[in-house]
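So this block is my_file_1.json, JSON, C-alpha atoms:
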```
[["chain", "number", "residue", "atom", "x", "y", "z"],
["A", 222, "MET", "CA", 109.49, -5.15, -10.15],
["A", 223, "HIS", "CA", 107.57, -2.14, -11.48],
["A", 224, "THR", "CA", 110.12, 0.33, -10.17],
["A", 225, "SER", "CA", 112.63, -1.04, -12.65],
["A", 226, "LEU", "CA", 110.42, 0.12, -15.55],
["A", 227, "PRO", "CA", 111.77, 3.43, -16.87],
["A", 228, "GLU", "CA", 108.34, 5.03, -17.43],
["A", 229, "PHE", "CA", 106.74, 3.78, -14.19],
["A", 230, "ASP", "CA", 105.43, 6.62, -12.03],
["A", 231, "MET", "CA", 103.09, 5.80, -9.16],
["A", 232, "PRO", "CA", 100.74, 8.67, -8.14],
["A", 233, "ASP", "CA", 101.24, 10.01, -4.65],
["A", 234, "ASP", "CA", 98.74, 9.39, -1.86],
["A", 235, "GLU", "CA", 97.12, 12.82, -2.13],
["A", 236, "GLN", "CA", 96.49, 12.42, -5.88],
["A", 237, "VAL", "CA", 94.98, 8.98, -5.30],
["A", 238, "HIS", "CA", 92.76, 10.28, -2.49],
["A", 239, "LEU", "CA", 91.49, 13.24, -4.56],
["A", 240, "ALA", "CA", 90.82, 11.03, -7.60],
["A", 241, "ALA", "CA", 88.93, 8.50, -5.47],
["A", 242, "GLU", "CA", 86.86, 11.30, -3.94],
["A", 243, "SER", "CA", 85.96, 12.61, -7.42],
["A", 244, "PHE", "CA", 84.88, 9.13, -8.52],
["A", 245, "ARG", "CA", 82.88, 8.69, -5.32],
["A", 246, "LEU", "CA", 81.01, 11.93, -5.97],
["A", 247, "LEU", "CA", 80.34, 10.93, -9.58],
["A", 248, "ALA", "CA", 78.88, 7.58, -8.53],
["A", 249, "ASP", "CA", 75.33, 8.91, -8.72],
["A", 250, "PRO", "CA", 73.12, 9.02, -11.83],
["A", 251, "THR", "CA", 71.61, 12.41, -10.94],
["A", 252, "ARG", "CA", 75.04, 13.99, -10.50],
["A", 253, "ILE", "CA", 76.18, 12.61, -13.85],
["A", 254, "LYS", "CA", 73.08, 14.07, -15.54],
["A", 255, "VAL", "CA", 73.57, 17.42, -13.81],
["A", 256, "LEU", "CA", 77.24, 17.59, -14.75],
["A", 257, "TRP", "CA", 76.53, 16.59, -18.34],
["A", 258, "ALA", "CA", 73.91, 19.34, -18.59],
["A", 259, "LEU", "CA", 76.38, 21.85, -17.16],
["A", 260, "LEU", "CA", 78.93, 20.86, -19.77],
["A", 261, "GLN", "CA", 76.45, 22.10, -22.38],
["A", 262, "GLY", "CA", 76.33, 25.51, -20.68],
["A", 263, "GLU", "CA", 75.52, 27.46, -17.56],
["A", 264, "SER", "CA", 72.21, 26.63, -15.90],
["A", 265, "SER", "CA", 69.97, 27.28, -12.92],
["A", 266, "VAL", "CA", 68.89, 24.73, -10.31],
["A", 267, "ALA", "CA", 65.32, 24.67, -11.65],
["A", 268, "CYS", "CA", 66.45, 23.92, -15.20],
["A", 269, "LEU", "CA", 68.91, 21.26, -14.00],
["A", 270, "ALA", "CA", 66.18, 19.64, -11.90],
["A", 271, "GLU", "CA", 63.93, 19.37, -14.94],
["A", 272, "LEU", "CA", 66.72, 17.94, -17.11],
["A", 273, "ALA", "CA", 67.82, 15.43, -14.46],
["A", 274, "GLY", "CA", 64.28, 14.39, -13.49],
["A", 275, "ALA", "CA", 64.87, 15.35, -9.86],
["A", 276, "THR", "CA", 63.53, 17.91, -7.42],
["A", 277, "PRO", "CA", 65.23, 21.31, -7.15],
["A", 278, "THR", "CA", 66.05, 20.51, -3.50],
["A", 279, "ALA", "CA", 67.83, 17.29, -4.45],
["A", 280, "VAL", "CA", 69.72, 19.01, -7.27],
["A", 281, "SER", "CA", 70.80, 21.79, -4.90],
["A", 282, "GLN", "CA", 72.21, 19.20, -2.50],
["A", 283, "HIS", "CA", 74.07, 17.46, -5.34],
["A", 284, "LEU", "CA", 75.43, 20.77, -6.59],
["A", 285, "ALA", "CA", 76.70, 21.67, -3.12],
["A", 286, "LYS", "CA", 78.71, 18.45, -2.98],
["A", 287, "LEU", "CA", 79.99, 18.84, -6.53],
["A", 288, "ARG", "CA", 80.99, 22.42, -5.76],
["A", 289, "LEU", "CA", 82.94, 21.38, -2.66],
["A", 290, "ALA", "CA", 84.75, 18.80, -4.78],
["A", 291, "GLY", "CA", 85.69, 21.49, -7.30],
["A", 292, "LEU", "CA", 83.69, 19.89, -10.13],
["A", 293, "VAL", "CA", 81.22, 22.77, -10.55],
["A", 294, "LYS", "CA", 81.24, 26.49, -9.87],
["A", 295, "GLY", "CA", 78.47, 28.98, -9.21],
["A", 296, "ARG", "CA", 77.90, 32.55, -10.34],
["A", 297, "ARG", "CA", 75.47, 34.72, -8.40],
["A", 298, "GLU", "CA", 73.24, 37.12, -10.30],
["A", 299, "GLY", "CA", 70.90, 38.91, -7.90],
["A", 300, "THR", "CA", 69.01, 36.20, -6.01],
["A", 301, "PHE", "CA", 69.80, 33.50, -8.57],
["A", 302, "VAL", "CA", 72.84, 31.25, -8.82],
["A", 303, "PHE", "CA", 73.89, 29.89, -12.19],
["A", 304, "TYR", "CA", 76.12, 26.84, -12.25],
["A", 305, "SER", "CA", 78.69, 25.60, -14.73],
["A", 306, "ALA", "CA", 81.23, 22.81, -14.94],
["A", 307, "ALA", "CA", 84.52, 23.76, -13.31],
["A", 308, "ASP", "CA", 86.69, 23.01, -16.35],
["A", 309, "ASN", "CA", 87.19, 20.76, -19.38],
["A", 310, "HIS", "CA", 88.74, 18.04, -17.24],
["A", 311, "VAL", "CA", 85.21, 17.29, -16.06],
["A", 312, "ARG", "CA", 84.09, 16.94, -19.69],
["A", 313, "GLY", "CA", 86.87, 14.45, -20.42],
["A", 314, "LEU", "CA", 86.14, 12.43, -17.31],
["A", 315, "LEU", "CA", 82.41, 12.18, -18.01],
["A", 316, "ALA", "CA", 82.86, 11.58, -21.73],
["A", 317, "GLN", "CA", 85.20, 8.66, -21.04],
["A", 318, "ALA", "CA", 82.87, 7.19, -18.41],
["A", 319, "LEU", "CA", 79.84, 7.44, -20.71],
["A", 320, "HIS", "CA", 81.79, 6.06, -23.67],
["A", 321, "HIS", "CA", 82.90, 3.12, -21.53],
["A", 322, "ALA", "CA", 79.32, 2.56, -20.32],
["A", 323, "ASP", "CA", 78.10, 2.55, -23.93],
["A", 324, "HIS", "CA", 80.58, -0.18, -24.84],
["A", 325, "LEU", "CA", 79.83, -2.09, -21.66],
["A", 326, "GLY", "CA", 76.11, -2.03, -22.50],
["A", 327, "ARG", "CA", 76.83, -3.43, -25.96],
["A", 328, "ASP", "CA", 78.75, -6.32, -24.39],
["A", 329, "LEU", "CA", 75.84, -7.40, -22.19],
["A", 330, "PRO", "CA", 74.07, -10.56, -23.36],
["A", 331, "ASP", "CA", 70.77, -8.79, -24.11],
["A", 332, "GLY", "CA", 72.10, -5.25, -24.53],
["A", 333, "GLY", "CA", 70.44, -4.56, -21.19],
["A", 334, "HIS", "CA", 71.39, -2.66, -18.12],
["A", 335, "ALA", "CA", 74.75, -2.97, -16.40],
["A", 336, "GLU", "CA", 73.20, -2.92, -12.93],
["A", 337, "THR", "CA", 71.36, -6.18, -13.62],
["A", 338, "HIS", "CA", 74.14, -7.98, -15.49],
["A", 339, "ARG", "CA", 77.81, -8.57, -15.07],
["A", 340, "PRO", "CA", 80.14, -8.10, -18.05],
["A", 341, "ARG", "CA", 81.18, -11.35, -19.67],
["A", 342, "ALA", "CA", 84.68, -12.59, -19.02],
["A", 343, "ARG", "CA", 86.95, -12.12, -22.01]]
```

Translate this file's structure into structure tokens.
Amino acid sequence: MHTSLPEFDMPDDEQVHLAAESFRLLADPTRIKVLWALLQGESSVACLAELAGATPTAVSQHLAKLRLAGLVKGRREGTFVFYSAADNHVRGLLAQALHHADHLGRDLPDGGHAETHRPRAR
């Protein structure tokens, strides 16, 4: 059925796997805060921990995972490492997710939190 559509192009298995892995790694509020902060500019673990409301140890663990996924990169300067977002694709991905969350929050019956409510059927 879909294959008869002229513009239909299903992603290959590797693309789907990598996209799912990126979404899995972004499914954490601290990681989203850390990435958003890094989109504003390069930062150290200590600064990111303060911005995200987490311990430096926790932020370091999150950064290690995000780095392995190719979402952040590090630059060593002496004994310090400064992190930044890998590229503007990360900005687009987070901006879309946060924009969607903003609209989802507005659709909730009391404007409350998505984790305690389900979106209304449309």

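Here CA of Arg252 in chain A stands at a distance of 18.8 Å from CA of Arg296 in chain A.
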
Which residues, written as a PyMOL selection string, have at least one atom at most 9 Å from range 298-302 of chain A, with all atoms listed in the file counted and residues fewer than 6 positions away on the same chain left out? chain A and resi 264-266

Restrict the calculation to all atoms listed in the file, then for each residue of range 235-293 of chain A with any atom at most 12 Å from an atom of range 308-318 of chain A give the closest atom pair and their distance in Å to one decimal, rows by chain and rising residue number, as JSON lines.
```
{"residue": "A:Ala240", "atom": "CA", "partner": "A:Leu314", "partner_atom": "CA", "distance": 10.9}
{"residue": "A:Ser243", "atom": "CA", "partner": "A:Val311", "partner_atom": "CA", "distance": 9.9}
{"residue": "A:Phe244", "atom": "CA", "partner": "A:Leu314", "partner_atom": "CA", "distance": 9.5}
{"residue": "A:Leu247", "atom": "CA", "partner": "A:Leu315", "partner_atom": "CA", "distance": 8.8}
{"residue": "A:Ala248", "atom": "CA", "partner": "A:Ala318", "partner_atom": "CA", "distance": 10.7}
{"residue": "A:Pro250", "atom": "CA", "partner": "A:Leu315", "partner_atom": "CA", "distance": 11.6}
{"residue": "A:Arg252", "atom": "CA", "partner": "A:Leu315", "partner_atom": "CA", "distance": 10.7}
{"residue": "A:Ile253", "atom": "CA", "partner": "A:Leu315", "partner_atom": "CA", "distance": 7.5}
{"residue": "A:Lys254", "atom": "CA", "partner": "A:Leu315", "partner_atom": "CA", "distance": 9.8}
{"residue": "A:Val255", "atom": "CA", "partner": "A:Leu315", "partner_atom": "CA", "distance": 11.1}
{"residue": "A:Leu256", "atom": "CA", "partner": "A:Val311", "partner_atom": "CA", "distance": 8.1}
{"residue": "A:Trp257", "atom": "CA", "partner": "A:Leu315", "partner_atom": "CA", "distance": 7.4}
{"residue": "A:Ala258", "atom": "CA", "partner": "A:Arg312", "partner_atom": "CA", "distance": 10.5}
{"residue": "A:Leu259", "atom": "CA", "partner": "A:Arg312", "partner_atom": "CA", "distance": 9.5}
{"residue": "A:Leu260", "atom": "CA", "partner": "A:Arg312", "partner_atom": "CA", "distance": 6.5}
{"residue": "A:Gln261", "atom": "CA", "partner": "A:Arg312", "partner_atom": "CA", "distance": 9.6}
{"residue": "A:Gly262", "atom": "CA", "partner": "A:Asp308", "partner_atom": "CA", "distance": 11.5}
{"residue": "A:Leu287", "atom": "CA", "partner": "A:Val311", "partner_atom": "CA", "distance": 11.0}
{"residue": "A:Ala290", "atom": "CA", "partner": "A:Val311", "partner_atom": "CA", "distance": 11.4}
{"residue": "A:Gly291", "atom": "CA", "partner": "A:Asp308", "partner_atom": "CA", "distance": 9.2}
{"residue": "A:Leu292", "atom": "CA", "partner": "A:Val311", "partner_atom": "CA", "distance": 6.7}
{"residue": "A:Val293", "atom": "CA", "partner": "A:Asp308", "partner_atom": "CA", "distance": 8.0}
```

Export, as an mmCIF file, in the coordinates of the input, the selected residues with C-alpha atoms.
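The result, stored in part.cif:
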```
data_model
loop_
_atom_site.group_PDB
_atom_site.id
_atom_site.type_symbol
_atom_site.label_atom_id
_atom_site.label_comp_id
_atom_site.auth_asym_id
_atom_site.auth_seq_id
_atom_site.Cartn_x
_atom_site.Cartn_y
_atom_site.Cartn_z
ATOM 1 C CA ALA A 240 90.820 11.030 -7.600
ATOM 2 C CA SER A 243 85.960 12.610 -7.420
ATOM 3 C CA PHE A 244 84.880 9.130 -8.520
ATOM 4 C CA LEU A 247 80.340 10.930 -9.580
ATOM 5 C CA ALA A 248 78.880 7.580 -8.530
ATOM 6 C CA PRO A 250 73.120 9.020 -11.830
ATOM 7 C CA ARG A 252 75.040 13.990 -10.500
ATOM 8 C CA ILE A 253 76.180 12.610 -13.850
ATOM 9 C CA LYS A 254 73.080 14.070 -15.540
ATOM 10 C CA VAL A 255 73.570 17.420 -13.810
ATOM 11 C CA LEU A 256 77.240 17.590 -14.750
ATOM 12 C CA TRP A 257 76.530 16.590 -18.340
ATOM 13 C CA ALA A 258 73.910 19.340 -18.590
ATOM 14 C CA LEU A 259 76.380 21.850 -17.160
ATOM 15 C CA LEU A 260 78.930 20.860 -19.770
ATOM 16 C CA GLN A 261 76.450 22.100 -22.380
ATOM 17 C CA GLY A 262 76.330 25.510 -20.680
ATOM 18 C CA LEU A 287 79.990 18.840 -6.530
ATOM 19 C CA ALA A 290 84.750 18.800 -4.780
ATOM 20 C CA GLY A 291 85.690 21.490 -7.300
ATOM 21 C CA LEU A 292 83.690 19.890 -10.130
ATOM 22 C CA VAL A 293 81.220 22.770 -10.550
#
```

So how many Å separate CA of Cys268 in chain A and CA of His283 in chain A, to one decimal?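 Computed distance, CA of Cys268 in chain A to CA of His283 in chain A, equals 14.0 Å.
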
Taking 4 positions as the minimum chain separation for residues in the same chain, which residues sit within 8 Å of Lys294 in chain A when counting only C-alpha atoms? Answer as number ranges by chain. A: 288, 304-307

At what distance in Å, to one decimal, does CA of Pro277 in chain A lie from CA of His320 in chain A?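 Atom-to-atom, CA of His320 in chain A to CA of Pro277 in chain A, that is 27.9 Å.
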
Where atoms are absent from range 263-286 of chain A, fill them in so it carries N, CA, C and O atoms, then output it as a compact mmCIF listing (two decimals), in the frame of the given file.
```txt
# COMPACT_ATOMS: atom_id res chain seq x y z
N GLU A 263 75.95 27.00 -18.89
CA GLU A 263 75.52 27.46 -17.56
C GLU A 263 74.02 27.24 -17.38
O GLU A 263 73.26 27.36 -18.33
N SER A 264 73.63 26.92 -16.14
CA SER A 264 72.21 26.63 -15.90
C SER A 264 71.82 26.92 -14.46
O SER A 264 72.67 26.98 -13.57
N SER A 265 70.52 27.06 -14.26
CA SER A 265 69.97 27.28 -12.92
C SER A 265 69.57 25.93 -12.30
O SER A 265 69.46 24.93 -13.01
N VAL A 266 69.31 25.94 -11.01
CA VAL A 266 68.89 24.73 -10.31
C VAL A 266 67.57 24.21 -10.89
O VAL A 266 67.42 23.01 -11.11
N ALA A 267 66.63 25.10 -11.14
CA ALA A 267 65.32 24.67 -11.65
C ALA A 267 65.46 23.97 -13.00
O ALA A 267 64.84 22.92 -13.22
N CYS A 268 66.25 24.53 -13.88
CA CYS A 268 66.45 23.92 -15.20
C CYS A 268 67.16 22.57 -15.07
O CYS A 268 66.78 21.59 -15.71
N LEU A 269 68.17 22.51 -14.21
CA LEU A 269 68.91 21.26 -14.00
C LEU A 269 68.00 20.19 -13.41
O LEU A 269 68.09 19.02 -13.78
N ALA A 270 67.11 20.59 -12.51
CA ALA A 270 66.18 19.64 -11.90
C ALA A 270 65.27 19.03 -12.97
O ALA A 270 65.04 17.82 -12.98
N GLU A 271 64.79 19.86 -13.87
CA GLU A 271 63.93 19.37 -14.94
C GLU A 271 64.70 18.41 -15.86
O GLU A 271 64.21 17.33 -16.20
N LEU A 272 65.91 18.78 -16.23
CA LEU A 272 66.72 17.94 -17.11
C LEU A 272 67.10 16.60 -16.46
O LEU A 272 67.14 15.57 -17.13
N ALA A 273 67.38 16.63 -15.17
CA ALA A 273 67.82 15.43 -14.46
C ALA A 273 66.66 14.59 -13.94
O ALA A 273 66.86 13.47 -13.45
N GLY A 274 65.44 15.12 -14.01
CA GLY A 274 64.28 14.39 -13.49
C GLY A 274 64.33 14.27 -11.98
O GLY A 274 63.99 13.23 -11.40
N ALA A 275 64.75 15.34 -11.32
CA ALA A 275 64.87 15.35 -9.86
C ALA A 275 64.25 16.63 -9.32
O ALA A 275 63.94 17.55 -10.08
N THR A 276 64.07 16.70 -8.02
CA THR A 276 63.53 17.91 -7.42
C THR A 276 64.62 18.97 -7.32
O THR A 276 65.80 18.64 -7.22
N PRO A 277 64.24 20.25 -7.34
CA PRO A 277 65.23 21.31 -7.15
C PRO A 277 66.02 21.17 -5.84
O PRO A 277 67.22 21.43 -5.81
N THR A 278 65.35 20.71 -4.78
CA THR A 278 66.05 20.51 -3.50
C THR A 278 67.14 19.47 -3.62
O THR A 278 68.28 19.67 -3.15
N ALA A 279 66.83 18.35 -4.27
CA ALA A 279 67.83 17.29 -4.45
C ALA A 279 68.99 17.78 -5.31
O ALA A 279 70.16 17.53 -5.00
N VAL A 280 68.66 18.50 -6.39
CA VAL A 280 69.72 19.01 -7.27
C VAL A 280 70.60 20.01 -6.52
O VAL A 280 71.83 19.99 -6.67
N SER A 281 70.01 20.85 -5.69
CA SER A 281 70.80 21.79 -4.90
C SER A 281 71.78 21.06 -3.98
O SER A 281 72.94 21.47 -3.84
N GLN A 282 71.32 19.99 -3.37
CA GLN A 282 72.21 19.20 -2.50
C GLN A 282 73.34 18.56 -3.30
O GLN A 282 74.50 18.56 -2.87
N HIS A 283 73.03 18.04 -4.48
CA HIS A 283 74.07 17.46 -5.34
C HIS A 283 75.07 18.53 -5.77
O HIS A 283 76.28 18.30 -5.74
N LEU A 284 74.55 19.68 -6.16
CA LEU A 284 75.43 20.77 -6.59
C LEU A 284 76.36 21.23 -5.47
O LEU A 284 77.53 21.54 -5.72
N ALA A 285 75.86 21.27 -4.26
CA ALA A 285 76.70 21.67 -3.12
C ALA A 285 77.88 20.72 -2.97
O ALA A 285 79.02 21.16 -2.76
N LYS A 286 77.63 19.44 -3.09
CA LYS A 286 78.71 18.45 -2.98
C LYS A 286 79.68 18.56 -4.14
O LYS A 286 80.91 18.50 -3.96
```
